[in-house]
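Participant: One file: target_8.txt (compact mmCIF, C-alpha atoms).
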```txt
# COMPACT_ATOMS: atom_id res chain seq x y z
CA MET A 1 34.15 -16.83 35.97
CA ARG A 2 33.95 -16.72 32.17
CA ALA A 3 31.24 -14.10 32.34
CA MET A 4 33.45 -12.01 34.61
CA ILE A 5 36.32 -12.24 32.11
CA VAL A 6 34.00 -11.24 29.25
CA ALA A 7 32.70 -8.32 31.28
CA LEU A 8 36.23 -7.20 32.08
CA VAL A 9 37.21 -7.48 28.41
CA LEU A 10 34.15 -5.49 27.33
CA ALA A 11 34.77 -2.89 29.96
CA ALA A 12 38.34 -2.55 28.84
CA GLY A 13 37.38 -2.68 25.16
CA LEU A 14 34.90 0.14 25.38
CA ALA A 15 36.74 2.39 27.78
CA PRO A 16 37.09 5.99 26.58
CA ALA A 17 39.68 6.36 23.86
CA ALA A 18 41.43 9.07 25.82
CA ALA A 19 42.46 6.49 28.37
CA GLY A 20 44.41 4.76 25.61
CA THR A 21 43.03 1.31 26.50
CA SER A 22 40.21 0.92 24.01
CA PRO A 23 40.76 -1.91 21.53
CA VAL A 24 37.30 -1.40 19.97
CA SER A 25 36.93 1.37 17.47
CA VAL A 26 34.39 2.15 14.78
CA ARG A 27 34.78 4.03 11.55
CA VAL A 28 32.23 5.24 9.00
CA ASP A 29 32.78 5.45 5.24
CA PRO A 30 32.37 7.62 3.25
CA THR A 31 32.99 10.72 5.30
CA THR A 32 31.14 13.16 3.05
CA VAL A 33 28.02 12.74 0.93
CA SER A 34 26.16 15.26 -1.18
CA THR A 35 22.70 14.21 -2.28
CA SER A 36 19.20 15.48 -2.77
CA ILE A 37 16.20 14.91 -0.60
CA GLY A 38 14.47 11.58 -1.03
CA GLN A 39 17.57 9.82 -2.35
CA ARG A 40 18.87 6.62 -0.76
CA PHE A 41 22.56 6.03 -0.31
CA PRO A 42 24.67 3.29 1.28
CA LEU A 43 27.28 3.71 3.98
CA THR A 44 29.48 1.23 5.77
CA SER A 45 30.90 1.15 9.24
CA THR A 46 33.83 -0.95 10.32
CA VAL A 47 34.03 -2.14 13.90
CA ARG A 48 37.61 -3.06 14.72
CA ASN A 49 38.91 -5.00 17.71
CA ASP A 50 42.61 -4.28 18.22
CA GLY A 51 42.74 -6.14 21.50
CA ASP A 52 44.22 -9.57 22.23
CA TRP A 53 40.84 -11.02 23.23
CA PRO A 54 37.69 -11.59 21.15
CA VAL A 55 34.89 -9.18 22.01
CA SER A 56 31.28 -10.30 22.00
CA GLY A 57 27.93 -8.71 22.73
CA LEU A 58 28.56 -5.54 20.77
CA VAL A 59 25.66 -3.43 19.50
CA ALA A 60 26.01 -0.80 16.79
CA HIS A 61 23.51 2.04 16.44
CA LEU A 62 23.16 4.53 13.61
CA ASN A 63 22.42 8.13 14.55
CA VAL A 64 21.38 11.14 12.50
CA LEU A 65 21.39 14.76 13.60
CA SER A 66 20.96 18.11 11.97
CA LEU A 67 23.48 20.91 12.33
CA ASP A 68 20.66 23.39 11.78
CA PRO A 69 18.74 23.99 15.04
CA ASP A 70 15.52 24.68 13.09
CA VAL A 71 15.44 21.28 11.41
CA TYR A 72 13.76 18.48 13.33
CA VAL A 73 15.19 15.06 12.50
CA ASP A 74 13.41 11.81 13.24
CA PRO A 75 16.07 9.12 12.66
CA GLU A 76 13.36 6.47 12.28
CA ASP A 77 12.45 8.08 8.97
CA TRP A 78 16.01 7.81 7.71
CA SER A 79 16.49 4.10 8.11
CA SER A 80 14.21 1.24 9.08
CA GLN A 81 17.14 -0.67 10.56
CA ARG A 82 19.32 1.45 12.81
CA THR A 83 20.50 -1.14 15.32
CA ILE A 84 22.70 -4.14 14.53
CA TYR A 85 23.71 -6.79 17.04
CA LEU A 86 27.20 -7.93 16.10
CA ASP A 87 28.62 -11.41 16.07
CA PRO A 88 31.73 -11.78 18.27
CA VAL A 89 34.67 -9.85 16.83
CA PRO A 90 37.90 -11.92 17.03
CA ALA A 91 41.12 -10.38 18.34
CA HIS A 92 42.85 -8.09 15.84
CA ALA A 93 39.93 -8.37 13.40
CA ALA A 94 37.17 -6.18 12.09
CA THR A 95 33.50 -6.50 11.17
CA ARG A 96 31.93 -4.54 8.37
CA LEU A 97 28.34 -3.30 8.74
CA ASP A 98 26.28 -2.06 5.79
CA TRP A 99 23.55 0.54 6.22
CA THR A 100 21.14 2.08 3.78
CA VAL A 101 19.88 5.54 4.53
CA GLN A 102 17.29 7.75 2.87
CA ALA A 103 17.75 11.52 3.05
CA VAL A 104 14.50 12.79 4.48
CA ASN A 105 15.53 16.30 5.62
CA SER A 106 17.42 18.90 3.69
CA GLY A 107 20.39 20.93 4.97
CA ARG A 108 23.64 20.03 6.67
CA LEU A 109 23.46 16.85 8.70
CA VAL A 110 25.75 14.40 10.45
CA ILE A 111 25.55 10.63 10.61
CA TYR A 112 27.63 8.53 12.97
CA VAL A 113 27.62 5.04 14.45
CA ALA A 114 27.90 4.33 18.15
CA VAL A 115 28.95 0.95 19.54
CA THR A 116 28.32 -0.33 23.01
CA ALA A 117 28.04 -3.71 24.70
CA THR A 118 24.97 -5.57 25.85
CA GLN A 119 26.50 -6.06 29.28
CA GLY A 120 29.51 -5.34 31.42
CA THR A 121 30.12 -1.70 30.58
CA ASP A 122 28.35 1.61 30.11
CA ALA A 123 30.98 2.96 27.74
CA VAL A 124 30.14 3.92 24.16
CA ALA A 125 32.57 4.05 21.25
CA ALA A 126 31.56 6.61 18.64
CA SER A 127 32.71 6.72 15.04
CA ASN A 128 33.94 9.63 12.99
CA THR A 129 31.17 11.63 11.36
CA LEU A 130 29.72 11.41 7.90
CA ARG A 131 29.07 15.02 6.85
CA LEU A 132 25.96 15.13 4.75
CA ALA A 133 24.75 17.92 2.47
CA VAL A 134 21.17 17.34 1.37
CA ALA A 135 19.78 19.64 -1.29
CA SER A 136 16.07 20.36 -1.14
CA GLN A 137 14.27 19.32 -4.27
CA ARG A 138 10.86 20.33 -5.48
CA THR A 139 9.97 17.11 -7.17
CA VAL A 140 6.65 17.83 -8.82
CA GLU A 141 5.66 21.09 -10.43
CA ALA A 142 2.86 22.34 -8.20
CA GLY A 143 1.27 24.72 -10.69
CA GLY A 144 0.90 22.16 -13.45
CA ILE A 145 -1.21 19.73 -11.47
CA LEU A 146 -3.98 22.27 -10.81
CA PRO A 147 -5.62 22.16 -14.28
CA LEU A 148 -5.63 18.36 -14.17
CA ALA A 149 -6.93 18.29 -10.58
CA LEU A 150 -9.81 20.53 -11.60
CA ALA A 151 -10.49 19.08 -15.04
CA MET A 152 -10.93 15.46 -14.01
CA PRO A 153 -13.75 16.00 -11.46
CA ALA A 154 -15.30 18.55 -13.82
CA ALA A 155 -15.38 16.00 -16.64
CA VAL A 156 -17.00 13.37 -14.41
CA LEU A 157 -19.45 15.99 -13.11
CA LEU A 158 -20.40 16.79 -16.72
CA LEU A 159 -20.96 13.09 -17.40
CA THR A 160 -23.12 12.83 -14.26
CA GLY A 161 -25.17 15.82 -15.37
CA PHE A 162 -25.57 14.38 -18.85
CA ALA A 163 -26.71 11.03 -17.45
CA GLY A 164 -29.24 12.80 -15.22
CA TYR A 165 -30.51 14.88 -18.14
CA ARG A 166 -30.87 11.78 -20.31
CA ARG A 167 -32.73 9.96 -17.55
CA ARG A 168 -35.19 12.81 -17.15
CA ARG A 169 -35.81 12.96 -20.89
CA LEU A 170 -36.49 9.23 -21.08
CA ARG A 171 -39.14 9.61 -18.39
CA MET B 1 -32.98 -4.04 -11.35
CA ALA B 2 -36.01 -5.04 -13.46
CA GLY B 3 -36.44 -8.72 -14.29
CA VAL B 4 -34.64 -10.30 -17.21
CA ASP B 5 -37.22 -11.18 -19.86
CA GLU B 6 -37.23 -14.36 -21.89
CA ARG B 7 -36.79 -12.53 -25.23
CA SER B 8 -33.44 -11.16 -24.12
CA VAL B 9 -32.23 -14.53 -22.94
CA GLY B 10 -33.61 -16.27 -26.02
CA ALA B 11 -32.00 -13.81 -28.43
CA GLY B 12 -28.74 -15.72 -28.48
CA ARG B 13 -27.04 -13.79 -25.71
CA ARG B 14 -25.84 -15.64 -22.70
CA PRO B 15 -27.99 -15.00 -19.61
CA TRP B 16 -25.12 -13.47 -17.63
CA MET B 17 -24.48 -11.03 -20.46
CA VAL B 18 -28.12 -9.93 -20.40
CA VAL B 19 -27.97 -9.45 -16.65
CA ALA B 20 -24.63 -7.62 -16.90
CA ASP B 21 -26.03 -5.33 -19.58
CA ARG B 22 -29.01 -4.38 -17.39
CA GLU B 23 -26.86 -3.99 -14.30
CA LEU B 24 -24.35 -1.77 -16.11
CA ARG B 25 -27.13 0.47 -17.38
CA ASP B 26 -28.65 0.67 -13.91
CA LEU B 27 -25.30 1.47 -12.32
CA TRP B 28 -23.95 4.02 -14.79
CA LEU B 29 -27.06 5.68 -16.18
CA ALA B 30 -29.41 5.66 -13.22
CA GLY B 31 -27.41 4.48 -10.22
CA ARG B 32 -24.46 5.39 -8.05
CA GLY B 33 -21.71 4.73 -10.55
CA LEU B 34 -21.03 8.29 -11.65
CA PRO B 35 -21.48 9.92 -8.20
CA LEU B 36 -19.02 7.38 -6.76
CA LEU B 37 -16.60 8.07 -9.59
CA LEU B 38 -16.96 11.81 -8.99
CA ALA B 39 -16.04 11.38 -5.31
CA TYR B 40 -13.10 9.21 -6.41
CA THR B 41 -11.75 11.84 -8.81
CA VAL B 42 -12.11 14.55 -6.15
CA LEU B 43 -10.08 12.38 -3.76
CA LEU B 44 -7.37 11.75 -6.36
CA SER B 45 -7.29 15.45 -7.29
CA VAL B 46 -6.84 16.54 -3.68
CA THR B 47 -4.16 13.91 -3.06
CA SER B 48 -2.25 14.74 -6.24
CA TYR B 49 -2.39 18.46 -5.55
CA LEU B 50 -1.17 17.96 -1.96
CA VAL B 51 1.65 15.70 -3.12
CA ALA B 52 2.72 18.33 -5.64
CA ALA B 53 2.05 21.56 -3.77
CA ASN B 54 2.19 20.88 -0.03
CA GLN B 55 5.64 21.55 1.37
CA ALA B 56 5.35 18.81 3.97
CA LEU B 57 4.40 16.14 1.43
CA ASN B 58 6.54 17.38 -1.41
CA PHE B 59 9.72 16.19 0.27
CA LEU B 60 8.88 12.86 -1.28
CA GLU B 61 11.05 11.64 -4.07
CA GLN B 62 9.06 11.63 -7.30
CA ARG B 63 8.73 7.85 -7.36
CA GLU B 64 7.29 7.98 -3.86
CA ALA B 65 4.78 10.61 -4.93
CA VAL B 66 3.65 8.29 -7.73
CA GLY B 67 3.61 5.31 -5.36
CA LEU B 68 1.53 7.13 -2.75
CA THR B 69 -1.06 8.26 -5.30
CA LEU B 70 -1.12 4.88 -7.00
CA GLN B 71 -1.64 2.94 -3.79
CA LEU B 72 -4.50 5.25 -2.82
CA ALA B 73 -6.04 4.94 -6.29
CA VAL B 74 -5.90 1.14 -6.20
CA ALA B 75 -7.15 0.79 -2.62
CA VAL B 76 -10.08 3.18 -3.00
CA GLY B 77 -10.88 1.95 -6.52
CA ALA B 78 -11.12 -1.61 -5.20
CA LEU B 79 -13.27 -0.42 -2.29
CA LEU B 80 -15.76 1.00 -4.81
CA VAL B 81 -16.20 -2.55 -6.08
CA LEU B 82 -16.97 -3.73 -2.55
CA LEU B 83 -19.61 -1.01 -2.17
CA GLY B 84 -21.20 -2.09 -5.45
CA ALA B 85 -21.05 -5.81 -4.72
CA ALA B 86 -22.19 -5.61 -1.10
CA ASP B 87 -25.31 -3.73 -2.20
CA SER B 88 -26.11 -5.84 -5.23
CA VAL B 89 -28.30 -8.60 -3.76
CA SER B 90 -29.22 -7.33 -0.31
CA GLY B 91 -30.04 -3.94 -1.84
CA GLU B 92 -32.49 -5.52 -4.26
CA ARG B 93 -33.90 -7.51 -1.38
CA GLU B 94 -34.57 -4.32 0.57
CA ARG B 95 -35.97 -2.44 -2.40
CA GLY B 96 -38.32 -5.35 -3.15
CA THR B 97 -36.97 -5.90 -6.67
CA LEU B 98 -35.27 -9.23 -6.04
CA GLU B 99 -38.45 -11.24 -6.53
CA SER B 100 -38.90 -10.21 -10.17
CA LEU B 101 -35.23 -10.94 -10.78
CA LEU B 102 -35.50 -14.43 -9.30
CA LEU B 103 -38.56 -15.14 -11.45
CA SER B 104 -36.57 -14.46 -14.62
CA PRO B 105 -35.38 -17.45 -16.70
CA ALA B 106 -31.72 -16.66 -16.04
CA PRO B 107 -29.90 -19.16 -13.82
CA ARG B 108 -29.01 -17.77 -10.41
CA ARG B 109 -25.33 -18.15 -11.06
CA ALA B 110 -25.79 -15.98 -14.17
CA LEU B 111 -27.51 -13.35 -12.04
CA LEU B 112 -24.52 -13.13 -9.72
CA ILE B 113 -22.00 -13.10 -12.57
CA GLY B 114 -23.88 -10.23 -14.18
CA LYS B 115 -23.87 -8.31 -10.92
CA ALA B 116 -20.16 -9.03 -10.46
CA VAL B 117 -19.43 -7.60 -13.92
CA ALA B 118 -21.28 -4.42 -13.01
CA ALA B 119 -19.40 -4.10 -9.71
CA LEU B 120 -16.08 -4.72 -11.47
CA SER B 121 -16.88 -1.97 -13.96
CA LEU B 122 -16.44 0.47 -11.06
CA TRP B 123 -12.80 -0.59 -10.79
CA ALA B 124 -12.32 -0.37 -14.57
CA ALA B 125 -13.62 3.20 -14.56
CA ALA B 126 -11.52 4.08 -11.50
CA TRP B 127 -8.36 2.75 -13.15
CA ILE B 128 -8.99 4.73 -16.34
CA VAL B 129 -9.53 7.88 -14.27
CA SER B 130 -6.33 7.30 -12.27
CA VAL B 131 -4.08 7.08 -15.35
CA PRO B 132 -3.84 10.87 -16.06
CA TYR B 133 -2.81 11.53 -12.43
CA VAL B 134 -0.14 8.83 -12.55
CA TRP B 135 1.06 10.11 -15.91
CA TYR B 136 1.43 13.67 -14.62
CA LEU B 137 3.16 12.74 -11.35
CA GLY B 138 5.43 10.15 -12.98
CA ARG B 139 6.69 12.24 -15.89
CA GLY B 140 10.44 12.24 -16.12
CA VAL B 141 11.18 9.24 -13.88
CA ASP B 142 10.11 6.53 -16.32
CA VAL B 143 7.60 4.84 -14.05
CA VAL B 144 4.32 5.64 -15.80
CA GLY B 145 4.19 2.44 -17.86
CA SER B 146 5.09 0.08 -15.04
CA ALA B 147 2.87 1.98 -12.59
CA ALA B 148 -0.16 1.80 -14.87
CA ALA B 149 0.38 -1.87 -15.75
CA SER B 150 1.08 -3.00 -12.18
CA SER B 151 -1.86 -1.05 -10.78
CA LEU B 152 -4.11 -2.71 -13.38
CA VAL B 153 -2.92 -6.18 -12.33
CA VAL B 154 -2.99 -5.59 -8.56
CA GLY B 155 -6.21 -3.57 -8.64
CA SER B 156 -7.95 -6.19 -10.78
CA LEU B 157 -6.99 -8.97 -8.36
CA LEU B 158 -8.21 -6.92 -5.39
CA ALA B 159 -11.37 -5.93 -7.25
CA LEU B 160 -12.12 -9.57 -8.10
CA PHE B 161 -11.54 -10.56 -4.48
CA LEU B 162 -13.81 -7.79 -3.18
CA ALA B 163 -16.49 -8.44 -5.81
CA GLY B 164 -16.66 -12.12 -4.83
CA TYR B 165 -16.48 -11.36 -1.14
CA GLY B 166 -19.12 -8.60 -1.33
CA LEU B 167 -21.47 -10.82 -3.34
CA VAL B 168 -21.14 -13.67 -0.83
CA ILE B 169 -21.98 -11.38 2.09
CA SER B 170 -24.76 -9.69 0.12
CA THR B 171 -26.31 -13.04 -0.84
CA ILE B 172 -26.32 -14.27 2.72
CA ALA B 173 -27.18 -11.03 4.56
CA SER B 174 -30.81 -10.35 5.29
CA SER B 175 -30.42 -6.57 5.01
CA ASN B 176 -28.27 -4.11 3.13
CA ARG B 177 -27.04 -2.56 6.37
CA VAL B 178 -25.76 -5.93 7.61
CA SER B 179 -24.12 -6.62 4.27
CA LEU B 180 -22.23 -3.32 4.12
CA SER B 181 -21.21 -3.28 7.78
CA VAL B 182 -19.97 -6.90 7.79
CA SER B 183 -18.04 -6.32 4.56
CA LEU B 184 -16.31 -3.21 5.86
CA PHE B 185 -15.64 -4.73 9.30
CA VAL B 186 -13.82 -7.72 7.82
CA LEU B 187 -11.76 -5.38 5.65
CA LEU B 188 -10.78 -3.43 8.76
CA ALA B 189 -9.80 -6.70 10.46
CA LEU B 190 -7.59 -7.54 7.47
CA TYR B 191 -5.95 -4.14 7.83
CA ALA B 192 -4.99 -4.83 11.46
CA PRO B 193 -1.67 -6.62 10.74
CA THR B 194 -0.27 -3.42 9.21
CA GLN B 195 -0.61 -1.74 12.61
CA MET B 196 1.64 -4.26 14.37
CA PRO B 197 4.89 -2.95 15.84
CA THR B 198 7.77 -2.91 13.36
CA ALA B 199 9.63 -5.71 15.13
CA MET B 200 6.54 -7.92 14.97
CA GLN B 201 6.12 -7.18 11.26
CA HIS B 202 9.67 -8.37 10.64
CA SER B 203 9.06 -11.72 12.37
CA TRP B 204 7.97 -14.69 10.27
CA ILE B 205 4.45 -14.67 11.67
CA GLY B 206 4.16 -10.93 11.08
CA GLU B 207 5.33 -11.25 7.49
CA LEU B 208 2.99 -14.18 6.94
CA LEU B 209 0.02 -12.10 8.15
CA LEU B 210 1.05 -9.23 5.89
CA ARG B 211 1.33 -11.57 2.91
CA LEU B 212 -2.04 -13.19 3.69
CA ASP B 213 -3.85 -9.85 3.71
CA PRO B 214 -4.52 -9.27 0.00
CA PHE B 215 -4.65 -5.50 0.42
CA THR B 216 -1.35 -5.16 2.27
CA ALA B 217 0.40 -7.66 0.00
CA GLY B 218 -0.89 -6.06 -3.20
CA LEU B 219 -0.01 -2.53 -2.14
CA ARG B 220 3.47 -3.60 -0.99
CA TYR B 221 4.07 -5.17 -4.38
CA LEU B 222 3.08 -1.90 -6.02
CA GLY B 223 5.34 0.06 -3.71
CA ARG B 224 8.37 -2.11 -4.42
CA LEU B 225 7.79 -1.95 -8.15
CA VAL B 226 7.22 1.79 -8.36
CA ILE B 227 9.22 3.23 -5.46
CA ASN B 228 12.12 0.80 -5.24
CA GLY B 229 12.30 0.23 -8.99
CA HIS B 230 12.19 -3.57 -8.68
CA GLY B 231 11.34 -5.73 -11.69
CA PRO B 232 7.83 -7.20 -12.06
CA GLY B 233 9.01 -10.69 -11.12
CA GLN B 234 11.31 -9.71 -8.28
CA ASP B 235 8.57 -9.42 -5.65
CA ALA B 236 5.96 -11.59 -7.36
CA GLY B 237 5.62 -13.57 -4.12
CA TRP B 238 3.61 -10.68 -2.71
CA LEU B 239 0.96 -11.31 -5.39
CA ILE B 240 0.20 -14.83 -4.14
CA GLY B 241 -2.10 -13.52 -1.38
CA PRO B 242 -4.22 -11.34 -3.69
CA LEU B 243 -4.32 -14.07 -6.35
CA VAL B 244 -5.45 -16.78 -3.93
CA ALA B 245 -7.98 -14.40 -2.32
CA ALA B 246 -9.42 -13.49 -5.74
CA VAL B 247 -9.77 -17.13 -6.84
CA VAL B 248 -11.25 -18.30 -3.53
CA ALA B 249 -13.69 -15.39 -3.26
CA ALA B 250 -14.89 -15.89 -6.85
CA ALA B 251 -15.29 -19.64 -6.32
CA VAL B 252 -17.21 -19.18 -3.05
CA ALA B 253 -19.44 -16.55 -4.68
CA LEU B 254 -20.30 -18.95 -7.52
CA THR B 255 -21.02 -21.70 -5.00
CA VAL B 256 -23.20 -19.46 -2.84
CA ALA B 257 -25.06 -18.23 -5.95
CA GLY B 258 -27.08 -21.46 -5.93
CA ARG B 259 -28.47 -20.49 -2.53
CA LEU B 260 -29.66 -17.10 -3.69
CA SER B 261 -33.15 -16.70 -2.24
CA LEU B 262 -35.76 -14.03 -1.70
CA GLN B 263 -34.91 -13.78 1.98
CA GLY B 264 -31.33 -13.88 3.12
CA GLY B 265 -29.85 -14.88 6.45
CA ASP B 266 -31.43 -17.67 8.47
CA ARG B 267 -34.70 -17.34 6.60
CA ALA B 268 -33.13 -18.52 3.36
```
Will you turn the file into structure tokens for me?
Facilitator:
Amino acid sequence: MRAMIVALVLAAGLAPAAAGTSPVSVRVDPTTVSTSIGQRFPLTSTVRNDGDWPVSGLVAHLNVLSLDPDVYVDPEDWSSQRTIYLDPVPAHAATRLDWTVQAVNSGRLVIYVAVTATQGTDAVAASNTLRLAVASQRTVEAGGILPLALAMPAAVLLLTGFAGYRRRRLR
Amino acid sequence: MAGVDERSVGAGRRPWMVVADRELRDLWLAGRGLPLLLAYTVLLSVTSYLVAANQALNFLEQREAVGLTLQLAVAVGALLVLLGAADSVSGERERGTLESLLLSPAPRRALLIGKAVAALSLWAAAWIVSVPYVWYLGRGVDVVGSAAASSLVVGSLLALFLAGYGLVISTIASSNRVSLSVSLFVLLALYAPTQMPTAMQHSWIGELLLRLDPFTAGLRYLGRLVINGHGPGQDAGWLIGPLVAAVVAAAVALTVAGRLSLQGGDRA
């Protein structure tokens, strides 16, 4: 009986917002971030239960997508922890979730958090979007490394040749 | 290596120093030391150039570029020590030069210490060679000092572990082929925990396995120091595995040194 009540609450809690019956909502902060590739930045999401019943079994999932069709995004690269299983959210209360994300692709991207329940409903509550502008960054000067990359093996090669020459002379 | 004569030992130098002197000359003037170092510098040059020039790799933040190169330098530099140590006794056995060495007045423990010093010199040379690469890649992000110092500490622990481990296998093995293959196989087995699924790695048993593997633990410590900008003491727990492995391997090698014989394996 209790399980049925929980299922009904979850189903009601995660019903589409358009129906006007969803007490569970999720919000992401900040809403815009400008950074450069490789940088890590924090973001928080707040899962709110505006209903009169506690809601349990919620799962939050972080998603990343590119607005540029030519950019392939693998969300696994952006964050090692993208799924959080929430503790029960009491009635008229909220839970704050902290995420750390590393910008791996450049361009215009969107991050959002989706919340669903482990059982009882197939509805998903989605957050607002975090609009992300990631500047590409050439981190190491490519031309400068070439002399070093050539000089080091050349120096060791010279030493090897000298050692071989010395060995032959000693014979 | 030629035998250690009594004049050298009687000239006031400790026997292990005489052996180390001979071994170092053999390794760097007539042996594989410089060719191995040449291959090492070529590897570091290719890696550094790719990190800097390749579009796919150059997305890395500069600290990550330093971390990637540093981890490779430490791992391969320590592996050079294993190659040197695993060949040291079984190689002499195969080349028929071990007999003259065993007839020398130097204690057997001194023979192994001298060989360990020569094997460790490969790591010392590798570290010196890696510094210019780290300096170039790390300019401007203030990681060169900590990267060089931490790689020296972590690499030295790994090198000591591999020197002791390689000498133990080489002392026991009846042939050079057995010594090298067993040494590399066990290293591969140690590497296995890093291939576990992510969820497994985050469990307590997964993390324990990662911390027990000296290579994984040492390289993670380096990564956190250089990439994440942590302080030297913040992740010092990751150094326990390499430290324990280095001490145990060195102690076992010194113990096994007493059993050093002309024929390894069951015939010892």
Participant: Chain B near chain A within 6 Å: what's each residue's closest atom pair and its distance in Å to one decimal, counting only C-alpha atoms, ordered by chain then ascending residue number, as CSV?
Facilitator:
```
residue,atom,partner,partner_atom,distance
B:Leu29,CA,A:Ala163,CA,5.5
B:Leu34,CA,A:Thr160,CA,5.6
B:Leu38,CA,A:Val156,CA,5.6
B:Thr41,CA,A:Pro153,CA,5.3
B:Val42,CA,A:Pro153,CA,5.7
B:Ser45,CA,A:Ala149,CA,4.4
B:Ala52,CA,A:Ala142,CA,4.8
B:Ala53,CA,A:Ala142,CA,4.6
B:Leu60,CA,A:Gly38,CA,5.7
B:Glu61,CA,A:Gly38,CA,4.6
B:Gln62,CA,A:Thr139,CA,5.6
```
Participant: May I ask for the distance between CA of Thr116 in chain A and CA of Pro69 in chain A, given in Å to one decimal place?
Facilitator: 27.3 Å
Participant: Just checking: using all atoms listed in the file, which residue out of B:Ala236, B:Ser48, B:Ala251, B:Glu92 ends up closest to Trp135 in chain B?
Facilitator: B:Ser48
Participant: Need the shell around Tyr112 in chain A: protein/DNA/RNA residues with any atom at most 10 Å away, counting only C-alpha atoms. Skip same-chain ones fewer than 4 positions apart. Format as a PDB file with C-alpha atoms, keeping the file's coordinate frame?
Facilitator:
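And here is the file that came out, out.pdb:
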```pdb
ATOM      1  CA  VAL A  26      34.390   2.150  14.780  1.00  0.00           C
ATOM      2  CA  ARG A  27      34.780   4.030  11.550  1.00  0.00           C
ATOM      3  CA  VAL A  28      32.230   5.240   9.000  1.00  0.00           C
ATOM      4  CA  ASP A  29      32.780   5.450   5.240  1.00  0.00           C
ATOM      5  CA  THR A  31      32.990  10.720   5.300  1.00  0.00           C
ATOM      6  CA  SER A  45      30.900   1.150   9.240  1.00  0.00           C
ATOM      7  CA  HIS A  61      23.510   2.040  16.440  1.00  0.00           C
ATOM      8  CA  LEU A  62      23.160   4.530  13.610  1.00  0.00           C
ATOM      9  CA  ASN A  63      22.420   8.130  14.550  1.00  0.00           C
ATOM     10  CA  VAL A  64      21.380  11.140  12.500  1.00  0.00           C
ATOM     11  CA  LEU A  65      21.390  14.760  13.600  1.00  0.00           C
ATOM     12  CA  ALA A 126      31.560   6.610  18.640  1.00  0.00           C
ATOM     13  CA  SER A 127      32.710   6.720  15.040  1.00  0.00           C
ATOM     14  CA  ASN A 128      33.940   9.630  12.990  1.00  0.00           C
ATOM     15  CA  THR A 129      31.170  11.630  11.360  1.00  0.00           C
ATOM     16  CA  LEU A 130      29.720  11.410   7.900  1.00  0.00           C
ATOM     17  CA  ARG A 131      29.070  15.020   6.850  1.00  0.00           C
TER      18      ARG A 131
END
```
Participant: Do you know which residues are at most 10 Å from Pro232 in chain B counting only C-alpha atoms, after dropping those on the same chain fewer than 3 positions away, and could you put them as a list in words?
Facilitator: Ser146, Ala149, Ser150, Tyr221, Leu222, Arg224, Leu225, Val226, Gly229, Asp235 and Ala236 of chain B
Participant: Dump C-alpha atoms for the selected residues as a PDB file, in the coordinates of the input?
Facilitator:
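See result00.pdb below for the written result:
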```pdb
ATOM      1  CA  SER B 146       5.090   0.080 -15.040  1.00  0.00           C
ATOM      2  CA  ALA B 149       0.380  -1.870 -15.750  1.00  0.00           C
ATOM      3  CA  SER B 150       1.080  -3.000 -12.180  1.00  0.00           C
ATOM      4  CA  TYR B 221       4.070  -5.170  -4.380  1.00  0.00           C
ATOM      5  CA  LEU B 222       3.080  -1.900  -6.020  1.00  0.00           C
ATOM      6  CA  ARG B 224       8.370  -2.110  -4.420  1.00  0.00           C
ATOM      7  CA  LEU B 225       7.790  -1.950  -8.150  1.00  0.00           C
ATOM      8  CA  VAL B 226       7.220   1.790  -8.360  1.00  0.00           C
ATOM      9  CA  GLY B 229      12.300   0.230  -8.990  1.00  0.00           C
ATOM     10  CA  ASP B 235       8.570  -9.420  -5.650  1.00  0.00           C
ATOM     11  CA  ALA B 236       5.960 -11.590  -7.360  1.00  0.00           C
TER      12      ALA B 236
END
```
Participant: Fix up range 181-188 of chain B with N, CA and C atoms, then write it as a PDB file, in the frame of the given file.
Facilitator:
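Produced file part_13.pdb, reproduced below:
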```pdb
ATOM      1  N   SER B 181     -22.007  -3.397   6.551  1.00  0.00           N
ATOM      2  CA  SER B 181     -21.210  -3.280   7.780  1.00  0.00           C
ATOM      3  C   SER B 181     -20.303  -4.494   7.972  1.00  0.00           C
ATOM      4  N   VAL B 182     -20.812  -5.699   7.659  1.00  0.00           N
ATOM      5  CA  VAL B 182     -19.970  -6.900   7.790  1.00  0.00           C
ATOM      6  C   VAL B 182     -18.796  -6.831   6.802  1.00  0.00           C
ATOM      7  N   SER B 183     -19.094  -6.400   5.579  1.00  0.00           N
ATOM      8  CA  SER B 183     -18.040  -6.320   4.560  1.00  0.00           C
ATOM      9  C   SER B 183     -16.926  -5.367   4.999  1.00  0.00           C
ATOM     10  N   LEU B 184     -17.315  -4.205   5.469  1.00  0.00           N
ATOM     11  CA  LEU B 184     -16.310  -3.210   5.860  1.00  0.00           C
ATOM     12  C   LEU B 184     -15.573  -3.634   7.135  1.00  0.00           C
ATOM     13  N   PHE B 185     -16.294  -4.299   8.055  1.00  0.00           N
ATOM     14  CA  PHE B 185     -15.640  -4.730   9.300  1.00  0.00           C
ATOM     15  C   PHE B 185     -14.544  -5.754   9.012  1.00  0.00           C
ATOM     16  N   VAL B 186     -14.837  -6.699   8.143  1.00  0.00           N
ATOM     17  CA  VAL B 186     -13.820  -7.720   7.820  1.00  0.00           C
ATOM     18  C   VAL B 186     -12.616  -7.075   7.130  1.00  0.00           C
ATOM     19  N   LEU B 187     -12.883  -6.077   6.294  1.00  0.00           N
ATOM     20  CA  LEU B 187     -11.760  -5.380   5.650  1.00  0.00           C
ATOM     21  C   LEU B 187     -10.884  -4.676   6.688  1.00  0.00           C
ATOM     22  N   LEU B 188     -11.539  -4.082   7.682  1.00  0.00           N
ATOM     23  CA  LEU B 188     -10.780  -3.430   8.760  1.00  0.00           C
ATOM     24  C   LEU B 188      -9.940  -4.456   9.524  1.00  0.00           C
TER      25      LEU B 188
END
```
